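Working notes, beginning with the structure itself.
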Amino acid sequence: MLGLLGGGVFVHVALPELPDVQSLRSVQLQAPLQVFSADGALISEFGVERRQPVAIGEIPPLVIQAFLATEDSRFFEHGGVDTIGMGRALMSYLATGEKAQGASTITMQVTRNFFLTPEKTFRRKLMEVLLTLHVEQTLTKDEILELYLNQIFFGHRAYGISAAASLYYDKSLNELTVAEAAMLAGIPKAPSINNPVTNPARALERRNYILGRMRELGYIDAEQYERAIAAPDTGRLHRRQSELDAGYVAEMARAEIARFYGEAAVSQGYRVITTIESWLQNAAQDALRTALRQYDQRHGYRGPEATLKLAGLSDLELDDYLAGVTRIPDLQPGLVTRVKAGVAEVYLGQGQRIDLTSSQMSWARNQRDLANWRGSRRKSADVVLPGDLIRLKRTEDGGLELSQIPRVAGALVSIAPRDGAVRALVGGYSFNETKFNRAVDMRRQPGSSFKPFIYAAALNQGWTPASLLRDQAVKLDTKERWNPQNFDHKEMGPIRLRKALALSRNLATINLLQSVGLDEAQDYIRRFGFGDDAMPRGLSMALGSGALSPVKLAEGYAVFANGGYRVIPYFIQRIEDVNGRVLFDASPLQACADCWYRFGETAATTQGIQSDGLAERVIDPRTAYQMTSLLREVIDAGTGTRAKALNRTDVVGKTGTTNDVRDSWFAGYQANFVTIAWMGHDDFGKLGRGEEGGKAALGMWVDFMAAALKDQPVATLDPPPGLVEVRIDPSRGVETTSKGGILEMVQEEYRDMLLGPQPVRVASPETGARRQENTATVKRSTPRVMDDLF
């Protein structure tokens, strides 16, 4: 009587404290965030738990029966607490003194896992019983079983029966055999030691016990039992590995999901489909890594990453050491164990050794300093020493040669000019080495790659590609502590605008900005999406003294590439929840494709673009055409001639190099790709002589574009209405009838600028402000020029 009375009091007090069992109906099981490329390649997974939730109707009866046989054979008969099972377990314990049979039901396990702590007290056990009874009254048996089978742990980060089937057998649930179902059912009792990977013998013993129980309960017949018992176990890990190396993109996706849906969303099974194309991403990775390694070799060998004392160390100890070395793609770590007669023996791990000959180390000259080329040649015996931790790179013939992790950094981004979709993005040599995403988060001076925006502002004011500029010293305020010069420290005097941009003449560009006017130029350049950080107040803006990220520079160049439309770069195409429901689907504004390029004889189309989905046209298409023509001159006869290696007429671009060669840029495009390549040191160190944008960055750009444009038709750009072809005297920049003239496309309303007297905008050297002057006395043959040019 006292026991019943005490129990009643406990129930009365405990009931109000019980958690809401109804919450089990809406429980959110953890599942990893998955990031995919546009073509379905897995880029990365985030989250501790690997889980693939399934409805109870999707789980085959045979799989359910395997779990009932081992965990709770009377599940559909009891009310949550199996008194018969508890009695049987108690009698077994009294008879043997060992806890051989469990009395916990599936419902009790669900209750424990979702609501209770692991403490073992009498009060907690009573709470478990009360909650279990409450769960049975609230949920159906199928709902309880579904929660259980989706929640239990199977080892190796797999939660839920579906994830376990994929992990151990690479199968869906309806493909499992009787033996495999029994094997999986035996794991949850002791996931760390009962799984077929960690302890195959123990797991097999547990499987066979469950098969016996299934036969006793009538779930399988004798024939099925015999076949299953005789079946060998094939369980092994079948994790879906990352199929695309795009760590920087994966982290961008994770950060965006956390920003919009909260940090908890990383474990809610979202699927992010990006705009990244696998083949382009691979090409970008290869181009960047090749460029950085080539730069490193041009500047010499820095020596080993570390040195290990080898005396007394076994191969197993060397394996442990190598296992802790950071994994860097394409650069395998190795330990030099012996050097003799110019040959180095290198241990790669797992008992594997190779010989590194002098020819495989021939490039490894002394490095004088980061800003200079490599020094004198080393003797083979002096390149590496026993105990050196080195890196090896696979050669084209399948062999290995000495290499090193590049100290120089790089970035490459390529977007579609029609809608801004990011097709490839690489923020560094390896995401494993550094998480800093230089393609997006870096801000560096773009140097001369910013000049095209100054020239576009001038074209908008009536300047033409034939206009003469003044490539000579700039008149500055006496208080100005800046002495700009051309890269070659020479002056060319009068120079056509086209040639000035092709040769990247600094003084000509500064004088052009003075004439255009700082305020007017900045107002115009804002149309490309640039803010004040990219346009510092002053004439140094002409030389790219602002700060930009590669992806932001790509946004600006896309306006030229698509005929004048402003598109916004984006990299997430779609987001789905764990049930496949679409939460977000990108609908970017797009440029008018059939208003611009032609591919062969087929005109591009605006398939799927509605009038309200058209991006804003921010510059005149004639200006975009003229800029494309000017930027082609950079490759034909300017600082970007290395791009001729592509042997294509539809690629254009501009080099960029900052003071002391600290940044090397190439920004360029074709009808389908706007691609920006950058190389530099994270600490703003000098790259060294000869590493200007026309070499270091352009080499990376060319390698990527060669892969991207392979087998692609050459795009043809027809001049838009309002442009006229004029024959120009190249020495004077005026229209001529002479056969020695060159043809130039100019905007029709500005043709008179090449013929007679026109208002000339004269800039104040001090302020860059613009004013109008009457120039009626200018000779009729004088083209539109700056003041005091002649």
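Order determines the names: the first chain of the structure tokens is A, the second B, and so forth; residues in each chain are numbered 1 upward, and ligands are numbered 1 upward as they are shown.
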
Would you pick out the contacts of A:Val634 at 10 Å or less, using only C-alpha atoms, so that residues sharing its chain but fewer than 3 positions from it are not included, and give the list as a PDB file with N, CA and C atoms, in the first residue's frame?
```pdb
ATOM      1  N   ARG A 498      43.810  54.418 -78.848  1.00  0.00           N
ATOM      2  CA  ARG A 498      43.883  52.969 -79.019  1.00  0.00           C
ATOM      3  C   ARG A 498      45.256  52.440 -78.614  1.00  0.00           C
ATOM      4  N   LYS A 499      46.292  53.092 -79.102  1.00  0.00           N
ATOM      5  CA  LYS A 499      47.649  52.638 -78.820  1.00  0.00           C
ATOM      6  C   LYS A 499      48.009  52.867 -77.355  1.00  0.00           C
ATOM      7  N   ALA A 500      47.509  53.945 -76.789  1.00  0.00           N
ATOM      8  CA  ALA A 500      47.808  54.257 -75.388  1.00  0.00           C
ATOM      9  C   ALA A 500      47.292  53.165 -74.462  1.00  0.00           C
ATOM     10  N   LEU A 501      46.091  52.651 -74.748  1.00  0.00           N
ATOM     11  CA  LEU A 501      45.548  51.582 -73.903  1.00  0.00           C
ATOM     12  C   LEU A 501      46.267  50.272 -74.183  1.00  0.00           C
ATOM     13  N   ALA A 502      46.554  49.989 -75.447  1.00  0.00           N
ATOM     14  CA  ALA A 502      47.219  48.734 -75.794  1.00  0.00           C
ATOM     15  C   ALA A 502      48.578  48.626 -75.124  1.00  0.00           C
ATOM     16  N   LEU A 503      49.307  49.753 -75.067  1.00  0.00           N
ATOM     17  CA  LEU A 503      50.642  49.755 -74.463  1.00  0.00           C
ATOM     18  C   LEU A 503      50.602  50.136 -72.992  1.00  0.00           C
ATOM     19  N   SER A 504      49.411  50.378 -72.486  1.00  0.00           N
ATOM     20  CA  SER A 504      49.210  50.687 -71.061  1.00  0.00           C
ATOM     21  C   SER A 504      50.055  51.872 -70.610  1.00  0.00           C
ATOM     22  N   SER A 629      36.956  46.311 -79.037  1.00  0.00           N
ATOM     23  CA  SER A 629      37.940  46.499 -80.098  1.00  0.00           C
ATOM     24  C   SER A 629      39.267  46.999 -79.529  1.00  0.00           C
ATOM     25  N   LEU A 630      39.210  47.949 -78.613  1.00  0.00           N
ATOM     26  CA  LEU A 630      40.437  48.467 -77.990  1.00  0.00           C
ATOM     27  C   LEU A 630      41.157  47.385 -77.203  1.00  0.00           C
ATOM     28  N   LEU A 631      40.393  46.566 -76.484  1.00  0.00           N
ATOM     29  CA  LEU A 631      41.006  45.513 -75.674  1.00  0.00           C
ATOM     30  C   LEU A 631      41.555  44.387 -76.541  1.00  0.00           C
ATOM     31  N   ALA A 637      48.738  43.832 -80.303  1.00  0.00           N
ATOM     32  CA  ALA A 637      49.964  44.630 -80.413  1.00  0.00           C
ATOM     33  C   ALA A 637      50.315  45.341 -79.120  1.00  0.00           C
ATOM     34  N   GLY A 638      49.840  44.820 -77.996  1.00  0.00           N
ATOM     35  CA  GLY A 638      50.081  45.505 -76.735  1.00  0.00           C
ATOM     36  C   GLY A 638      50.753  44.635 -75.693  1.00  0.00           C
ATOM     37  N   THR A 639      50.352  44.827 -74.450  1.00  0.00           N
ATOM     38  CA  THR A 639      51.021  44.140 -73.330  1.00  0.00           C
ATOM     39  C   THR A 639      50.510  42.720 -73.123  1.00  0.00           C
ATOM     40  N   GLY A 640      49.475  42.320 -73.876  1.00  0.00           N
ATOM     41  CA  GLY A 640      48.904  40.993 -73.672  1.00  0.00           C
ATOM     42  C   GLY A 640      49.129  40.042 -74.827  1.00  0.00           C
ATOM     43  N   THR A 641      50.233  40.208 -75.548  1.00  0.00           N
ATOM     44  CA  THR A 641      50.443  39.407 -76.758  1.00  0.00           C
ATOM     45  C   THR A 641      50.602  37.914 -76.468  1.00  0.00           C
ATOM     46  N   ALA A 643      48.607  36.139 -75.105  1.00  0.00           N
ATOM     47  CA  ALA A 643      47.299  35.522 -75.334  1.00  0.00           C
ATOM     48  C   ALA A 643      47.101  35.101 -76.783  1.00  0.00           C
ATOM     49  N   VAL A 652      39.707  39.028 -75.680  1.00  0.00           N
ATOM     50  CA  VAL A 652      40.254  40.365 -75.448  1.00  0.00           C
ATOM     51  C   VAL A 652      40.585  40.493 -73.972  1.00  0.00           C
ATOM     52  N   GLY A 653      41.365  41.510 -73.614  1.00  0.00           N
ATOM     53  CA  GLY A 653      41.660  41.675 -72.195  1.00  0.00           C
ATOM     54  C   GLY A 653      42.677  42.754 -71.932  1.00  0.00           C
ATOM     55  N   LYS A 654      42.988  42.913 -70.661  1.00  0.00           N
ATOM     56  CA  LYS A 654      43.920  43.960 -70.236  1.00  0.00           C
ATOM     57  C   LYS A 654      44.799  43.447 -69.103  1.00  0.00           C
ATOM     58  N   THR A 655      46.093  43.733 -69.241  1.00  0.00           N
ATOM     59  CA  THR A 655      47.037  43.395 -68.183  1.00  0.00           C
ATOM     60  C   THR A 655      46.936  44.405 -67.046  1.00  0.00           C
TER      61      THR A 655
END
```

Next on the checklist: Among stretch 323-373 of chain A, which ones does DSSP assign to strand (DSSP E or B) (computed from the backbone)? Answer as a list in words.
Outcome noted: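 Selecting the strand (DSSP E or B) positions of stretch 323-373 of chain A gives Ile328, Leu331, Gln332, Pro333, Gly334, Leu335, Val336, Thr337, Arg338, Val339, Lys340, Val343, Ala344, Glu345, Val346, Tyr347, Leu348, Gly349, Gln352, Arg353, Ile354, Asp355, Leu356, Asn366 and Gln367 of chain A.
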
Next on the checklist: Among stretch 504-690 of chain A, which ones does DSSP assign to helix (DSSP H, G or I) (computed from the backbone)? Answer as an MDAnalysis selection string.
Outcome noted: chainID A and resid 506:516 518:528 532:534 539:543 550:561 593:595 611:613 621:637 641:646 659:661

Checklist entry - What is the distance, in Å and to one decimal place, between atom CA of A:Ile229 and atom CA of A:Pro61? => result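 Taking atom CA of A:Ile229 and atom CA of A:Pro61, their separation equals 19.5 Å.
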
Next on the checklist: Let me make sure I understand: among A:Ala201, A:Leu33, A:Val516, A:Met1, which one has the smallest atom-to-atom distance to A:Ile575 if we use only C-alpha atoms?
Outcome noted: A:Leu33

Checklist entry - Using only C-alpha atoms, which of A:Leu513, A:Ile454, A:Val426, A:Leu392 sits nearest A:Pro550? => result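 Of the candidates, the smallest distance to A:Pro550 is held by A:Val426.
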
Item to check | Exercise: A:Val724 partners within 9 Å, only C-alpha atoms, chain neighbours under 6 positions left out, as a list in words | outcome: Glu744, Met745, Val746, Gln747, Glu748 and Arg751 of chain A

How about saving the chosen residues, N, CA and C atoms kept, as a PDB file, in the first residue's frame?
```pdb
ATOM      1  N   GLU A 744      38.861  52.928 -88.476  1.00  0.00           N
ATOM      2  CA  GLU A 744      38.453  52.980 -87.077  1.00  0.00           C
ATOM      3  C   GLU A 744      36.942  53.158 -87.014  1.00  0.00           C
ATOM      4  N   MET A 745      36.300  52.490 -86.056  1.00  0.00           N
ATOM      5  CA  MET A 745      34.862  52.651 -85.841  1.00  0.00           C
ATOM      6  C   MET A 745      34.647  53.745 -84.806  1.00  0.00           C
ATOM      7  N   VAL A 746      33.847  54.755 -85.182  1.00  0.00           N
ATOM      8  CA  VAL A 746      33.558  55.853 -84.251  1.00  0.00           C
ATOM      9  C   VAL A 746      32.052  56.055 -84.180  1.00  0.00           C
ATOM     10  N   GLN A 747      31.616  56.624 -83.091  1.00  0.00           N
ATOM     11  CA  GLN A 747      30.193  56.904 -82.937  1.00  0.00           C
ATOM     12  C   GLN A 747      29.812  58.028 -83.904  1.00  0.00           C
ATOM     13  N   GLU A 748      28.719  57.826 -84.588  1.00  0.00           N
ATOM     14  CA  GLU A 748      28.346  58.690 -85.706  1.00  0.00           C
ATOM     15  C   GLU A 748      28.273  60.151 -85.314  1.00  0.00           C
ATOM     16  N   ARG A 751      31.680  61.985 -85.154  1.00  0.00           N
ATOM     17  CA  ARG A 751      32.578  61.972 -86.317  1.00  0.00           C
ATOM     18  C   ARG A 751      33.139  63.357 -86.590  1.00  0.00           C
TER      19      ARG A 751
END
```

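Considering only C-alpha atoms, the residue among A:Phe46, A:Phe75, A:Tyr248, A:Trp596 positioned nearest to A:Tyr565 is A:Trp596.
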
Item to check | Point-to-point distance in Å for atom CA of A:Met252 and atom CA of A:Gly580 | outcome: 21.4 Å
